[in-house]
Structure formats: C-alpha cells, structure tokens
file start_7.tsv (TSV, C-alpha atoms)
chain	number	residue	atom	x	y	z
A	11	MET	CA	-24.96	-38.12	35.73
A	12	ALA	CA	-23.64	-39.84	38.85
A	13	VAL	CA	-23.25	-42.89	36.61
A	14	LEU	CA	-20.74	-40.99	34.46
A	15	LYS	CA	-18.62	-39.33	37.15
A	16	ASP	CA	-15.11	-40.83	36.93
A	17	ALA	CA	-16.60	-44.01	35.45
A	18	THR	CA	-14.46	-43.83	32.31
A	19	ALA	CA	-11.02	-42.65	31.34
A	20	ILE	CA	-9.05	-41.57	28.31
A	21	VAL	CA	-6.18	-44.04	28.02
A	22	GLY	CA	-4.76	-43.34	24.57
A	23	ILE	CA	-4.17	-40.31	22.35
A	24	GLY	CA	-2.76	-40.02	18.87
A	25	GLN	CA	-2.21	-37.45	16.17
A	26	THR	CA	-0.65	-36.97	12.76
A	27	PRO	CA	1.71	-34.14	11.91
A	28	PHE	CA	0.04	-30.77	11.37
A	29	ALA	CA	0.66	-28.69	8.27
A	30	LYS	CA	-0.93	-26.27	5.86
A	31	ARG	CA	-0.94	-29.04	3.28
A	32	LEU	CA	-0.56	-32.81	3.77
A	33	PRO	CA	-0.63	-35.26	0.84
A	34	GLU	CA	-2.70	-37.99	2.49
A	35	SER	CA	-6.49	-38.23	2.35
A	36	GLU	CA	-8.66	-37.43	5.34
A	37	ARG	CA	-9.40	-41.15	5.69
A	38	ALA	CA	-5.72	-42.05	5.74
A	39	LEU	CA	-5.02	-39.33	8.30
A	40	ALA	CA	-7.92	-40.55	10.46
A	41	CYS	CA	-6.62	-44.11	10.40
A	42	ARG	CA	-3.11	-43.02	11.32
A	43	ALA	CA	-4.33	-40.99	14.29
A	44	ILE	CA	-6.59	-43.81	15.54
A	45	LEU	CA	-3.85	-46.42	15.25
A	46	ALA	CA	-1.49	-44.13	17.16
A	47	ALA	CA	-4.06	-43.66	19.93
A	48	LEU	CA	-4.69	-47.41	20.20
A	49	ASP	CA	-0.95	-48.09	20.34
A	50	ASP	CA	-0.61	-45.43	23.03
A	51	ALA	CA	-3.24	-47.27	25.06
A	52	GLY	CA	-1.88	-50.73	24.35
A	53	ILE	CA	-5.22	-51.87	22.89
A	54	ALA	CA	-5.64	-53.88	19.67
A	55	PRO	CA	-7.92	-52.53	16.93
A	56	ASP	CA	-10.20	-55.57	17.04
A	57	GLU	CA	-11.15	-54.70	20.63
A	58	VAL	CA	-12.78	-51.41	19.57
A	59	ASP	CA	-16.59	-51.62	19.68
A	60	ALA	CA	-17.59	-47.93	19.76
A	61	LEU	CA	-16.85	-44.90	17.59
A	62	ALA	CA	-17.75	-41.22	17.86
A	63	SER	CA	-16.96	-38.36	15.51
A	64	TYR	CA	-18.38	-35.16	14.04
A	65	THR	CA	-21.21	-34.87	11.53
A	66	MET	CA	-18.75	-32.84	9.46
A	67	GLU	CA	-16.31	-35.77	9.40
A	68	GLU	CA	-15.82	-36.99	5.82
A	69	THR	CA	-14.69	-40.47	6.90
A	70	ASP	CA	-17.53	-42.65	8.16
A	71	GLU	CA	-17.62	-45.54	10.62
A	72	VAL	CA	-17.79	-48.22	7.94
A	73	GLU	CA	-14.60	-46.99	6.27
A	74	VAL	CA	-12.71	-46.73	9.56
A	75	ALA	CA	-13.88	-50.13	10.82
A	76	LYS	CA	-12.89	-51.92	7.61
A	77	ALA	CA	-9.58	-50.16	7.13
A	78	LEU	CA	-8.39	-50.76	10.70
A	79	GLY	CA	-9.88	-54.20	11.30
A	80	LEU	CA	-12.10	-53.15	14.19
A	81	GLY	CA	-14.39	-55.59	15.97
A	82	ASP	CA	-18.19	-55.63	15.93
A	83	LEU	CA	-19.41	-52.11	16.67
A	84	THR	CA	-22.22	-51.84	19.23
A	85	PHE	CA	-22.25	-48.05	19.52
A	86	PHE	CA	-21.52	-45.22	17.07
A	87	SER	CA	-22.54	-41.58	17.03
A	88	LYS	CA	-21.81	-38.27	15.33
A	89	VAL	CA	-22.10	-34.82	16.87
A	90	GLY	CA	-23.03	-31.69	14.94
A	91	TYR	CA	-22.03	-28.04	14.89
A	92	GLY	CA	-18.40	-28.28	13.89
A	93	GLY	CA	-16.07	-27.35	16.72
A	94	GLY	CA	-18.95	-27.44	19.17
A	95	GLY	CA	-18.91	-31.22	18.97
A	96	SER	CA	-15.35	-31.98	20.06
A	97	CYS	CA	-15.89	-32.73	23.75
A	98	ALA	CA	-19.27	-34.33	23.06
A	99	THR	CA	-17.62	-37.13	21.08
A	100	VAL	CA	-15.80	-38.19	24.24
A	101	ALA	CA	-18.93	-37.66	26.35
A	102	HIS	CA	-20.97	-39.94	24.07
A	103	LEU	CA	-18.37	-42.69	24.37
A	104	ALA	CA	-18.22	-42.25	28.14
A	105	ALA	CA	-21.99	-42.61	28.39
A	106	ALA	CA	-22.00	-45.71	26.18
A	107	ILE	CA	-19.25	-47.40	28.17
A	108	ALA	CA	-20.65	-46.43	31.58
A	109	THR	CA	-24.03	-47.90	30.64
A	110	GLY	CA	-22.65	-51.13	29.22
A	111	GLN	CA	-23.28	-50.48	25.53
A	112	ALA	CA	-19.59	-50.75	24.66
A	113	THR	CA	-16.18	-51.44	26.18
A	114	VAL	CA	-13.56	-49.65	24.06
A	115	GLY	CA	-14.42	-46.38	22.32
A	116	VAL	CA	-12.50	-44.22	19.86
A	117	ALA	CA	-13.26	-40.58	19.06
A	118	TRP	CA	-11.49	-38.77	16.26
A	119	ARG	CA	-11.40	-35.78	13.94
A	120	SER	CA	-9.63	-35.72	10.57
A	121	ARG	CA	-9.65	-32.58	8.49
A	122	LYS	CA	-7.90	-31.01	5.53
A	123	ARG	CA	-8.92	-27.42	6.14
A	124	GLY	CA	-5.56	-26.02	5.14
A	125	SER	CA	-5.57	-27.50	1.65
A	126	GLY	CA	-9.33	-27.90	1.28
A	127	PRO	CA	-12.05	-25.49	0.14
A	128	ARG	CA	-13.67	-22.80	2.27
A	129	PRO	CA	-17.23	-23.97	3.03
A	130	TRP	CA	-18.84	-20.55	2.49
A	131	LYS	CA	-17.53	-20.29	-1.09
A	132	ASN	CA	-20.19	-22.68	-2.42
A	133	THR	CA	-22.87	-20.24	-3.56
A	134	ALA	CA	-24.79	-22.83	-5.59
A	135	VAL	CA	-26.27	-24.47	-2.48
A	136	GLN	CA	-29.33	-22.86	-0.93
A	137	LEU	CA	-28.54	-21.23	2.38
A	138	PRO	CA	-29.83	-22.88	5.55
A	139	THR	CA	-32.44	-20.77	7.32
A	140	PRO	CA	-30.10	-19.19	9.93
A	141	ALA	CA	-27.65	-18.10	7.22
A	142	GLN	CA	-30.43	-16.33	5.33
A	143	TRP	CA	-30.45	-13.78	8.17
A	144	THR	CA	-26.69	-13.17	8.06
A	145	ARG	CA	-24.92	-13.85	4.78
A	146	PRO	CA	-26.97	-11.52	2.54
A	147	TYR	CA	-25.90	-8.71	4.89
A	148	GLY	CA	-22.17	-9.38	4.64
A	149	LEU	CA	-21.61	-11.90	7.44
A	150	LEU	CA	-20.13	-14.48	5.10
A	151	ARG	CA	-17.67	-16.26	7.40
A	152	PRO	CA	-17.56	-17.32	11.04
A	153	ALA	CA	-14.99	-14.55	11.55
A	154	ASP	CA	-17.56	-11.95	10.49
A	155	GLU	CA	-20.14	-13.27	12.92
A	156	ILE	CA	-17.79	-13.54	15.89
A	157	ALA	CA	-16.49	-10.06	15.08
A	158	MET	CA	-19.98	-8.75	15.87
A	159	LEU	CA	-19.94	-10.42	19.30
A	160	ALA	CA	-16.44	-9.08	19.93
A	161	ARG	CA	-17.48	-5.54	19.04
A	162	ARG	CA	-20.52	-5.75	21.30
A	163	HIS	CA	-18.37	-6.97	24.21
A	164	MET	CA	-16.00	-4.09	23.61
A	165	HIS	CA	-18.88	-1.63	23.52
A	166	GLU	CA	-20.60	-2.90	26.66
A	167	TYR	CA	-17.65	-3.80	28.87
A	168	GLY	CA	-14.59	-1.93	27.62
A	169	THR	CA	-12.79	-4.98	26.29
A	170	THR	CA	-9.83	-3.88	24.15
A	171	ARG	CA	-7.58	-5.21	21.44
A	172	ASP	CA	-4.88	-5.52	24.08
A	173	HIS	CA	-7.07	-8.05	25.85
A	174	LEU	CA	-7.41	-10.05	22.63
A	175	PHE	CA	-3.65	-9.78	22.14
A	176	ASN	CA	-3.14	-11.29	25.59
A	177	VAL	CA	-5.02	-14.37	24.37
A	178	ALA	CA	-3.12	-14.60	21.10
A	179	LEU	CA	0.20	-14.15	22.89
A	180	ALA	CA	-0.47	-16.82	25.51
A	181	CYS	CA	-1.32	-19.36	22.82
A	182	ARG	CA	1.68	-18.40	20.69
A	183	ASN	CA	4.05	-18.58	23.66
A	184	ARG	CA	2.93	-22.13	24.37
A	185	ALA	CA	3.23	-23.10	20.70
A	186	ASN	CA	6.80	-21.79	20.78
A	187	GLN	CA	7.50	-24.55	23.31
A	188	ASN	CA	5.77	-27.27	21.26
A	189	PRO	CA	7.75	-28.82	18.38
A	190	ALA	CA	4.51	-30.27	16.92
A	191	ALA	CA	2.91	-26.82	16.62
A	192	ILE	CA	2.71	-25.03	13.29
A	193	MET	CA	3.85	-21.83	15.03
A	194	TYR	CA	6.78	-23.48	16.82
A	195	GLU	CA	9.72	-21.08	17.07
A	196	ARG	CA	7.67	-18.27	15.50
A	197	PRO	CA	7.28	-15.62	18.23
A	198	LEU	CA	4.49	-13.03	18.26
A	199	THR	CA	4.98	-9.45	19.43
A	200	ARG	CA	2.48	-6.73	20.24
A	201	GLU	CA	3.77	-4.70	17.30
A	202	MET	CA	3.18	-7.60	14.92
A	203	TYR	CA	-0.31	-8.07	16.28
A	204	MET	CA	-1.36	-4.42	16.17
A	205	ASN	CA	0.02	-3.88	12.66
A	206	SER	CA	-1.42	-7.04	11.10
A	207	ARG	CA	-4.16	-6.89	8.49
A	208	TRP	CA	-7.83	-6.98	9.38
A	209	ILE	CA	-9.77	-10.17	8.73
A	210	SER	CA	-13.07	-8.85	10.05
A	211	GLU	CA	-12.72	-5.77	12.22
A	212	PRO	CA	-12.07	-5.79	15.19
A	213	LEU	CA	-10.46	-9.21	14.51
A	214	CYS	CA	-7.05	-9.08	12.87
A	215	LEU	CA	-4.95	-11.86	11.36
A	216	PHE	CA	-3.70	-13.11	14.73
A	217	ASP	CA	-7.20	-13.22	16.23
A	218	ASN	CA	-8.06	-16.07	13.85
A	219	CYS	CA	-7.22	-19.75	14.07
A	220	LEU	CA	-4.86	-21.55	11.72
A	221	GLU	CA	-5.94	-23.42	8.60
A	222	THR	CA	-4.64	-26.93	9.12
A	223	ASP	CA	-4.47	-30.42	7.66
A	224	GLY	CA	-4.25	-33.16	10.30
A	225	ALA	CA	-6.04	-35.68	12.46
A	226	LEU	CA	-6.31	-36.61	16.14
A	227	ALA	CA	-7.93	-39.41	18.14
A	228	CYS	CA	-8.40	-40.68	21.67
A	229	VAL	CA	-9.40	-43.99	23.29
A	230	VAL	CA	-11.95	-44.25	26.11
A	231	VAL	CA	-12.48	-47.27	28.37
A	232	SER	CA	-14.02	-47.98	31.78
A	233	ALA	CA	-12.18	-46.78	34.87
A	234	GLU	CA	-11.69	-50.40	35.88
A	235	ARG	CA	-10.04	-51.36	32.63
A	236	ALA	CA	-8.03	-48.13	32.55
A	237	ARG	CA	-5.94	-49.32	35.49
A	238	ASP	CA	-4.46	-52.05	33.28
A	239	CYS	CA	-3.70	-49.91	30.24
A	240	ARG	CA	-0.28	-48.77	29.13
A	241	ARG	CA	-0.66	-45.10	30.11
A	242	THR	CA	-1.76	-43.21	33.21
A	243	PRO	CA	-5.55	-42.89	32.94
A	244	VAL	CA	-7.19	-39.48	32.69
A	245	TYR	CA	-10.71	-39.70	34.10
A	246	VAL	CA	-13.80	-38.10	32.58
A	247	HIS	CA	-15.12	-36.47	35.74
A	248	SER	CA	-18.01	-34.53	34.18
A	249	ALA	CA	-19.32	-33.80	30.70
A	250	ALA	CA	-21.98	-31.55	29.23
A	251	GLN	CA	-23.51	-30.22	26.05
A	252	GLY	CA	-25.21	-26.84	25.72
A	253	LEU	CA	-27.79	-25.38	23.34
A	254	PRO	CA	-29.55	-22.35	24.85
A	255	ALA	CA	-33.15	-21.45	24.12
A	256	GLN	CA	-33.70	-19.42	20.94
A	257	HIS	CA	-30.06	-19.82	19.94
A	258	HIS	CA	-28.98	-18.51	16.54
A	259	GLY	CA	-25.55	-19.75	15.48
A	260	MET	CA	-22.65	-17.43	16.23
A	261	VAL	CA	-24.57	-14.15	16.36
A	262	ASN	CA	-27.32	-15.15	18.85
A	263	TYR	CA	-29.75	-12.75	17.22
A	264	TRP	CA	-32.85	-14.00	19.03
A	265	ASN	CA	-31.43	-14.34	22.54
A	266	ASP	CA	-32.37	-11.75	25.12
A	267	ASP	CA	-28.62	-11.35	25.61
A	268	PRO	CA	-26.39	-12.23	22.62
A	269	LEU	CA	-23.32	-12.43	24.86
A	270	THR	CA	-24.81	-15.24	26.94
A	271	GLY	CA	-23.94	-18.03	24.56
A	272	PRO	CA	-23.95	-21.84	24.66
A	273	ALA	CA	-21.04	-21.90	27.13
A	274	TRP	CA	-23.36	-20.65	29.86
A	275	THR	CA	-25.81	-23.51	29.29
A	276	ALA	CA	-23.10	-26.16	29.12
A	277	ALA	CA	-21.33	-24.78	32.19
A	278	ARG	CA	-24.38	-24.97	34.44
A	279	HIS	CA	-24.76	-28.66	33.65
A	280	LEU	CA	-21.02	-29.36	33.82
A	281	TRP	CA	-20.48	-27.91	37.31
A	282	LYS	CA	-23.80	-29.22	38.63
A	283	HIS	CA	-22.60	-32.79	38.21
A	284	ALA	CA	-19.00	-32.27	39.33
A	285	ASP	CA	-17.15	-32.30	42.62
A	286	LEU	CA	-15.10	-29.39	41.28
A	287	ALA	CA	-15.62	-25.66	40.82
A	288	PRO	CA	-13.82	-23.12	38.61
A	289	ASP	CA	-11.35	-22.32	41.40
A	290	ASP	CA	-10.29	-26.00	41.41
A	291	ILE	CA	-9.13	-26.01	37.80
A	292	ASP	CA	-5.34	-26.14	37.35
A	293	VAL	CA	-5.20	-25.67	33.58
A	294	ALA	CA	-7.72	-24.97	30.82
A	295	GLN	CA	-7.95	-25.83	27.14
A	296	ILE	CA	-10.59	-23.37	25.91
A	297	TYR	CA	-11.76	-23.39	22.32
A	298	ASP	CA	-9.98	-20.62	20.45
A	299	ALA	CA	-11.05	-20.46	16.84
A	300	PHE	CA	-11.01	-16.71	17.56
A	301	THR	CA	-9.38	-14.82	20.43
A	302	ALA	CA	-12.72	-13.18	21.26
A	303	LEU	CA	-14.17	-16.55	22.26
A	304	ILE	CA	-11.83	-16.74	25.26
A	305	PRO	CA	-13.29	-13.80	27.25
A	306	LEU	CA	-16.81	-15.07	26.48
A	307	SER	CA	-15.89	-18.56	27.68
A	308	LEU	CA	-14.08	-17.35	30.79
A	309	GLU	CA	-17.33	-15.67	31.80
A	310	GLY	CA	-19.59	-18.52	30.72
A	311	TYR	CA	-17.64	-21.17	32.64
A	312	GLY	CA	-17.49	-19.04	35.77
A	313	PHE	CA	-13.85	-18.00	36.00
A	314	CYS	CA	-14.89	-14.35	36.29
A	315	ALA	CA	-18.03	-12.26	36.47
A	316	ARG	CA	-20.06	-11.13	33.49
A	317	GLY	CA	-18.18	-8.50	31.48
A	318	GLU	CA	-14.82	-9.25	33.16
A	319	GLY	CA	-13.50	-11.70	30.56
A	320	GLY	CA	-11.26	-9.12	28.92
A	321	ALA	CA	-9.83	-7.84	32.18
A	322	PHE	CA	-9.22	-11.42	33.34
A	323	THR	CA	-6.50	-11.76	30.69
A	324	GLU	CA	-4.39	-8.97	32.16
A	325	GLY	CA	-1.17	-9.45	34.14
A	326	GLY	CA	-0.17	-12.72	32.48
A	327	ALA	CA	-3.23	-14.54	33.83
A	328	LEU	CA	-3.27	-16.97	30.88
A	329	GLU	CA	0.46	-17.61	30.86
A	330	MET	CA	2.41	-20.29	32.73
A	331	GLY	CA	2.27	-19.42	36.41
A	332	GLY	CA	-0.80	-17.24	35.87
A	333	ARG	CA	-4.31	-17.56	37.29
A	334	LEU	CA	-5.38	-19.97	34.56
A	335	PRO	CA	-2.72	-21.35	32.19
A	336	LEU	CA	-4.42	-21.61	28.82
A	337	ASN	CA	-4.15	-23.79	25.71
A	338	THR	CA	-0.76	-25.12	26.63
A	339	SER	CA	0.02	-26.74	23.27
A	340	GLY	CA	-0.79	-23.52	21.40
A	341	GLY	CA	-4.47	-24.23	20.75
A	342	GLY	CA	-6.27	-23.53	17.50
A	343	LEU	CA	-4.56	-20.16	17.21
A	344	SER	CA	-0.99	-21.43	17.16
A	345	GLU	CA	-0.70	-25.24	17.30
A	346	ALA	CA	-3.31	-26.47	14.81
A	347	TYR	CA	-6.98	-26.00	14.10
A	348	VAL	CA	-8.68	-29.38	13.77
A	349	HIS	CA	-12.07	-28.38	15.18
A	350	GLY	CA	-10.71	-28.29	18.71
A	351	PHE	CA	-9.72	-31.93	19.13
A	352	ASN	CA	-6.13	-30.97	19.95
A	353	LEU	CA	-7.46	-29.30	23.10
A	354	ILE	CA	-8.64	-32.73	24.32
A	355	THR	CA	-5.33	-34.44	23.64
A	356	GLU	CA	-3.41	-31.60	25.30
A	357	GLY	CA	-5.66	-31.86	28.35
A	358	VAL	CA	-4.68	-35.52	28.58
A	359	ARG	CA	-0.99	-34.70	28.27
A	360	GLN	CA	-1.22	-32.11	31.04
A	361	LEU	CA	-2.76	-34.61	33.44
A	362	ARG	CA	-0.23	-37.27	32.45
A	363	GLY	CA	2.54	-34.75	33.11
A	364	THR	CA	3.91	-34.96	29.55
A	365	SER	CA	3.02	-31.57	28.04
A	366	THR	CA	5.70	-29.46	26.38
A	367	ALA	CA	4.45	-26.63	28.61
A	368	GLN	CA	3.68	-28.62	31.72
A	369	VAL	CA	1.74	-26.99	34.55
A	370	PRO	CA	3.39	-28.30	37.75
A	371	ASP	CA	1.27	-30.90	39.56
A	372	ALA	CA	-1.72	-30.36	37.27
A	373	ALA	CA	-4.56	-32.58	38.50
A	374	THR	CA	-7.64	-31.01	36.88
A	375	CYS	CA	-8.33	-29.64	33.42
A	376	LEU	CA	-11.31	-28.00	31.76
A	377	VAL	CA	-11.65	-28.64	28.03
A	378	THR	CA	-14.28	-26.75	26.05
A	379	ALA	CA	-15.68	-26.94	22.54
A	380	GLY	CA	-16.71	-24.02	20.34
A	381	GLU	CA	-18.48	-21.08	21.93
A	382	GLY	CA	-20.99	-19.37	19.65
A	383	VAL	CA	-22.42	-22.68	18.43
A	384	PRO	CA	-24.14	-25.56	20.26
A	385	THR	CA	-21.25	-26.71	22.38
A	386	SER	CA	-19.83	-29.25	24.82
A	387	ALA	CA	-17.26	-29.46	27.60
A	388	LEU	CA	-15.28	-31.94	29.70
A	389	LEU	CA	-13.82	-31.87	33.18
A	390	LEU	CA	-10.81	-34.16	33.25
A	391	ARG	CA	-8.82	-35.27	36.31
A	392	ASN	CA	-5.98	-37.64	37.00

call {"tool": "encode", "arguments": {"input": "start_7.tsv", "output": "structure tokens"}}
result
Amino acid sequence: MAVLKDATAIVGIGQTPFAKRLPESERALACRAILAALDDAGIAPDEVDALASYTMEETDEVEVAKALGLGDLTFFSKVGYGGGGSCATVAHLAAAIATGQATVGVAWRSRKRGSGPRPWKNTAVQLPTPAQWTRPYGLLRPADEIAMLARRHMHEYGTTRDHLFNVALACRNRANQNPAAIMYERPLTREMYMNSRWISEPLCLFDNCLETDGALACVVVSAERARDCRRTPVYVHSAAQGLPAQHHGMVNYWNDDPLTGPAWTAARHLWKHADLAPDDIDVAQIYDAFTALIPLSLEGYGFCARGEGGAFTEGGALEMGGRLPLNTSGGGLSEAYVHGFNLITEGVRQLRGTSTAQVPDAATCLVTAGEGVPTSALLLRN
C-alpha cells in the first residue's frame, strides 16, 4: 500500500445535469460526463488507456472507447455491489497507474434510475441465494433491509428519528446552496420530515435517496503528471475495500453483530495505510442512500464510539462549522443519487476550494461507498 500513498491524483471531474427524467441514453450521458472530466483535466481522449466502472453499468468499455476515440486500453475493471463500488473504481485506477499498467484512467457512473425500472419489480428472474432469505418475508427493497438495521440501532442504542432528521437536514441544507442539486432552493423542516409518509418504518420519505437520471466521471493520473494538468490535483492518499466475514447483503444476518458492517472492515485497512486519522478529516462525503447509513458509517470509520453514531449528529455536528461537515453538495439524499459517484466529485471540489458549500481551508476528505454492502473508501488530500 505504500506504493499507492499519494502516488496518483484526481485531476478532472465532470457531470451531466441531474433530473428525475433525462431524454438521453445512459451511454450518451456517460460520454458527456467523461468528455467533461477530460476537458476539466486538459487531457485528450486518445490519451486515456484505463477505464473503471460498476458491474451494474449498462455502458461497457468497448462502447465508451469507440464513441470517444480513446487510445489503446491496457487496463479496465468493473466493481460490483452497486453503490459499494464507487470509491473502488478510483482505487483500481490508482493501483493500475501506480504499478505502471496505465497512465490516464477514467472512472464513471451513468444511470437512469429516475426514469428507469425498479430492479426488484422483475419477479420472473429467480432470486439470488441471499434474496431467498429476505424477499419472501417482505424485505423487497433496499429500504426494507436498511430499515431493519435502523430499528436495531434504535433499540440497542437509543437512536431516534431526530437523529435521522439531523442527517437529512444537513444534506438538504447543503443542496439548498448547490444550483446543480435536485433539491436546490427546496428547504426541509422538522415538521415536513416528521409528517412525511413512511417508506419502510422507521424510514420515512426524507430518509431515502433521490431517484435520479445523470452521469459523473473523474480522471486519474500519476502524481508526477498531475502537476502539469489544468486543475489543482487532489491526491489519493489511501484507498480500501471491505467485505467482512459471513456478510449477508444489507441485513448481515449471519454476522455475530449485524451492526458491524462492511464499513468497519474497509476502515481498518484505510487508516492502517494512511498518515491520517479520523480527527484529521476536515470534511466527509459519506454514502447516504438512507439516513440510517450515516450513524453506522460514523461508527465504522472511527469518528465516534460504537452506538454513538446517532448522538454524534446532535448540535449541528454535520452542518457547516460543525464537528464533521457532511455531504456538502447535498449527497444522495438531496443532490442526486447516482450510486454515490457525486460524493467523489464533491470531495474533489472541496479540496480544490470550489464547492458551493466550501469548508474553509479543507485539506483532507473522506469519501465512502455504500454501507450495508461490500464497500470501498478513499482518503483524499490536496
């Protein structure tokens, strides 16, 4: 891992508009985001020789390479488990570049979740083995599964709906500052939150991420080359993936402790190979498909002790000027939900000093992928 520490940098980011419904195909959106990221970096498409994306990505490497006129590809990879793969796409590129397998890498995610079908509606396909232990018993959607973890955390540690509201409010407040966010200029109040309809109790409407069409991308190069790129480089200081023993997606049925999820495994590896600790982090972009994932992640990544994730959110801790400013573009709850890739691009903006909700003098940022599934994380610094 010493080979990877600060050896590469993100030098370009790009995104399309976000909306409930966009007319373009996922491939067209992917190409637009990638071209924007390359232009941001000042790098020509034919210099790209590495690609990384998600296994759930509908647009493959061949289509992207042909459409954009990329060069010969010497590295390409895909990472599984939906939102758990976001940070790993960057980590794979960093490893390839640091070890000489490639020179210019692009990671991306393009998705039409807002206008597309819900994956769990297809009842004609045989359930994968894990789902056979959940869906017949009413856990049809990710929201149902995470609701079980949320209820258990409430039962064991006294976490409340007010704690979950603190998460939703922090993300919405940042989206209100971000013209690109779907929830821009749409404030959230406690009354709105508490009176909203249930999605899967104890998770209400505002505990759930948005359904979004859109695409994002970033460009990774060596630290040496990054010095000559158009933008201020943001260095990949540490990276990790995490899949704990006997893991069972979302619900963690077979773990000795269901509330010790993949974040705990990823975090141990992430901090082990870093010169930083949780107290050194200026701003965090923590995966927020559901508000309940934030307390679990705060504990897993070491910002507070076990069972204190709910209490950590009190007193404006996640707001600007708080202990840990969170999801400063609005995150998946209020900016856009594109499997967490917007958390990476917002981490880059924070360390460039160009965020719409800029943390003063931000020099370090934690970015995490989905908790509850095999996950990944990045420590970024400027």

call {"tool": "atom_distance", "arguments": {"input": "start_7.tsv", "atom1": "atom CA of A:Leu334", "atom2": "atom CA of A:Ala157"}}
result
24.5 Å

call {"tool": "residues_around", "arguments": {"input": "start_7.tsv", "residues": "A:Ala255", "least_positions_apart": "4", "cutoff": "10 Å", "atoms": "all atoms listed in the file", "output": "list in words"}}
result
Trp264, Asn265, Asp266, Gly271, Pro272 and Thr275 of chain A

call {"tool": "closest_residue", "arguments": {"input": "start_7.tsv", "among": "A:Gly341, A:Gly319, A:Pro370, A:Gly79", "to": "A:Asn188", "atoms": "only C-alpha atoms"}}
result
A:Gly341

call {"tool": "closest_residue", "arguments": {"input": "start_7.tsv", "among": "A:Gly357, A:Gly115, A:Pro305, A:Gly110", "to": "A:Val231", "atoms": "all atoms listed in the file"}}
result
A:Gly115

call {"tool": "atom_distance", "arguments": {"input": "start_7.tsv", "atom1": "atom CA of A:Arg184", "atom2": "atom CA of A:Thr378"}}
result
17.9 Å

call {"tool": "closest_residue", "arguments": {"input": "start_7.tsv", "among": "A:Ala105, A:Ala277, A:Ala40, A:Ala60", "to": "A:Ala77", "atoms": "only C-alpha atoms"}}
result
A:Ala40

call {"tool": "residues_around", "arguments": {"input": "start_7.tsv", "residues": "A:Leu389", "least_positions_apart": "4", "cutoff": "9 Å", "atoms": "all atoms listed in the file", "output": "list in words"}}
result
Tyr245, Val246, His247, Ser248, Ala249, Leu280, Trp281, Ala284, Leu286, Ile291, Thr374, Cys375, Leu376, Val377 and Thr378 of chain A

call {"tool": "write_last_selection", "arguments": {"input": "start_7.tsv", "atoms": "C-alpha atoms", "output": "mmCIF file, in the coordinates of the input"}}
result
data_model
loop_
_atom_site.group_PDB
_atom_site.id
_atom_site.type_symbol
_atom_site.label_atom_id
_atom_site.label_comp_id
_atom_site.auth_asym_id
_atom_site.auth_seq_id
_atom_site.Cartn_x
_atom_site.Cartn_y
_atom_site.Cartn_z
ATOM 1 C CA TYR A 245 -10.710 -39.700 34.100
ATOM 2 C CA VAL A 246 -13.800 -38.100 32.580
ATOM 3 C CA HIS A 247 -15.120 -36.470 35.740
ATOM 4 C CA SER A 248 -18.010 -34.530 34.180
ATOM 5 C CA ALA A 249 -19.320 -33.800 30.700
ATOM 6 C CA LEU A 280 -21.020 -29.360 33.820
ATOM 7 C CA TRP A 281 -20.480 -27.910 37.310
ATOM 8 C CA ALA A 284 -19.000 -32.270 39.330
ATOM 9 C CA LEU A 286 -15.100 -29.390 41.280
ATOM 10 C CA ILE A 291 -9.130 -26.010 37.800
ATOM 11 C CA THR A 374 -7.640 -31.010 36.880
ATOM 12 C CA CYS A 375 -8.330 -29.640 33.420
ATOM 13 C CA LEU A 376 -11.310 -28.000 31.760
ATOM 14 C CA VAL A 377 -11.650 -28.640 28.030
ATOM 15 C CA THR A 378 -14.280 -26.750 26.050
#

call {"tool": "atom_distance", "arguments": {"input": "start_7.tsv", "atom1": "atom CA of A:Asp371", "atom2": "atom CA of A:Arg333"}}
result
14.6 Å

call {"tool": "residues_around", "arguments": {"input": "start_7.tsv", "residues": "A:Thr26", "least_positions_apart": "4", "cutoff": "7 Å", "atoms": "only C-alpha atoms", "output": "list of chain:residue names"}}
result
A:Leu39, A:Arg42, A:Ala43, A:Gly224, A:Ala225, A:Leu226

call {"tool": "residues_around", "arguments": {"input": "start_7.tsv", "residues": "A:Phe86", "least_positions_apart": "4", "cutoff": "9 Å", "atoms": "all atoms listed in the file", "output": "list in words"}}
result
Asp59, Ala60, Leu61, Ala62, Ser63, Glu71, His102, Leu103 and Gly115 of chain A

call {"tool": "residues_around", "arguments": {"input": "start_7.tsv", "residues": "A:Val21", "least_positions_apart": "6", "cutoff": "7 Å", "atoms": "only C-alpha atoms", "output": "short mmCIF file (atom, residue, chain, number, x, y, z; two decimals) with C-alpha atoms, keeping the file's coordinate frame"}}
result
data_model
loop_
_atom_site.label_atom_id
_atom_site.label_comp_id
_atom_site.auth_asym_id
_atom_site.auth_seq_id
_atom_site.Cartn_x
_atom_site.Cartn_y
_atom_site.Cartn_z
CA ALA A 51 -3.24 -47.27 25.06
CA VAL A 229 -9.40 -43.99 23.29
CA VAL A 230 -11.95 -44.25 26.11
CA ALA A 236 -8.03 -48.13 32.55
CA CYS A 239 -3.70 -49.91 30.24
CA ARG A 241 -0.66 -45.10 30.11
CA THR A 242 -1.76 -43.21 33.21
CA PRO A 243 -5.55 -42.89 32.94
CA VAL A 244 -7.19 -39.48 32.69
#

call {"tool": "closest_residue", "arguments": {"input": "start_7.tsv", "among": "A:Trp118, A:Glu195, A:Val72, A:Ala373", "to": "A:Val89", "atoms": "all atoms listed in the file"}}
result
A:Trp118

call {"tool": "axis_aligned_box", "arguments": {"input": "start_7.tsv", "around": "stretch 228-238 of chain A", "padding_each_side": "3 Å", "output": "lines of an AutoDock Vina configuration file"}}
result
center_x = -9.2
center_y = -46.4
center_z = 28.8
size_x = 15.6
size_y = 17.4
size_z = 20.2

call {"tool": "decode", "arguments": {"input": "start_7.tsv", "residues": "stretch 204-231 of chain A", "atoms": "C-alpha atoms", "output": "compact mmCIF listing (two decimals), in the first residue's frame"}}
result
# COMPACT_ATOMS: atom_id res chain seq x y z
CA MET A 204 -41.94 14.08 10.88
CA ASN A 205 -45.22 14.27 8.95
CA SER A 206 -43.98 12.64 5.74
CA ARG A 207 -45.20 9.23 4.65
CA TRP A 208 -43.47 6.03 5.64
CA ILE A 209 -41.40 4.20 3.03
CA SER A 210 -40.33 1.39 5.34
CA GLU A 211 -40.78 2.17 9.01
CA PRO A 212 -38.79 3.70 10.72
CA LEU A 213 -37.60 5.25 7.42
CA CYS A 214 -39.83 7.99 6.03
CA LEU A 215 -39.78 9.70 2.65
CA PHE A 216 -36.90 12.01 3.56
CA ASP A 217 -34.76 9.16 4.89
CA ASN A 218 -34.46 7.81 1.34
CA CYS A 219 -32.24 8.93 -1.51
CA LEU A 220 -33.49 10.56 -4.67
CA GLU A 221 -34.29 8.71 -7.89
CA THR A 222 -32.08 10.34 -10.49
CA ASP A 223 -31.02 10.30 -14.12
CA GLY A 224 -27.44 11.51 -14.66
CA ALA A 225 -23.79 10.64 -15.04
CA LEU A 226 -20.45 11.58 -13.48
CA ALA A 227 -16.79 10.85 -14.20
CA CYS A 228 -13.30 11.57 -12.96
CA VAL A 229 -9.76 11.35 -14.39
CA VAL A 230 -6.83 9.81 -12.51
CA VAL A 231 -3.14 10.21 -13.40
